[in-house]
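Here's the structure, in structure tokens; my notes come after.
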Amino acid sequence: MLSEQHLQKVEELRKAYPTSKALTLPVLWMLQDQEGYISTQAMEYVAKLLDVSPGHVLGVVTFYTMFHSKQVGRHHLEVCTNVSCMLRGSEKILARLEERLGTKCGTTSTDGKFTISEVECMGSCGTAPMLAMGEEYFENLTEQKIDDLVDSLK
């Protein structure tokens, strides 16, 4: 399932990691980057590739919110609703996103462009409320900033 380029990278990483089990995170990250998500079939593939149990791979995928076991939209908006963000209005931010995108948290829009997820602390407590889209953080959010973001993505 991994491209030849990614398989070469795995072989390079094997030299730097003490065990193949320690490669689980970077291999899953490569696979998700390539495929967009990590299917059950992909988890079994990774388990065989690294000679670890399928249960170990499943545990890693389901523990970390950065891994997705189902397809997400082209724009994955992850809204932090932990204490600092909640106290500074993340509920309003989440509601505004749902309203503007016409989809509920935990689902993908019918056009496949947007997925909204609720996540735990992403370490931006001083600039709450916040959301992440891919590797980009949007902080000190207001409903107007959400409107501007959605407009820029449509």
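Starting from 1 in every chain, residues are counted up; chains themselves are A, B, ... following the order of the structure tokens, and ligands are numbered from 1 as listed.
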Do you know which residues are at most 7 Å from Gly73 of chain A counting only C-alpha atoms, after dropping those on the same chain fewer than 5 positions away, and could you put them as a ChimeraX atom specification?
/A:108,112-115
I need the chosen residues saved as a PDB file, in the first residue's frame, with C-alpha atoms.
ATOM      1  CA  THR A 108     -18.467  15.384   6.508  1.00  0.00           C
ATOM      2  CA  GLY A 112     -17.056  15.993   0.695  1.00  0.00           C
ATOM      3  CA  LYS A 113     -15.213  19.270   1.172  1.00  0.00           C
ATOM      4  CA  PHE A 114     -15.505  19.746   4.937  1.00  0.00           C
ATOM      5  CA  THR A 115     -15.253  17.570   8.025  1.00  0.00           C
TER       6      THR A 115
END
Excluding segment 118-123 of chain A and its own-chain neighbours fewer than 3 positions away, which residues fall within 12 Å of it when counting only C-alpha atoms? Please give them as a PyMOL selection string.
chain A and resi 63-67+76-86+90-91+93-95+97-98+104-107+115+126-133+135-139
DSSP says strand (DSSP E or B) for which residues of segment 83-144 of chain A? Put them as a PyMOL selection string?
chain A and resi 108+114-119+131-133+136-138
Find, counting only C-alpha atoms, the residue in A:Leu101, A:Ala47, A:Leu25, A:Cys125 that gets nearest to Asp147 of chain A.
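Of all the options, A:Leu101 lies closest to Asp147 of chain A.
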Please provide the set of residues having any atom within 9 Å of Pro54 of chain A, restricted to only C-alpha atoms, with same-chain residues fewer than 6 positions apart removed, written as a PyMOL selection string.
chain A and resi 43-48
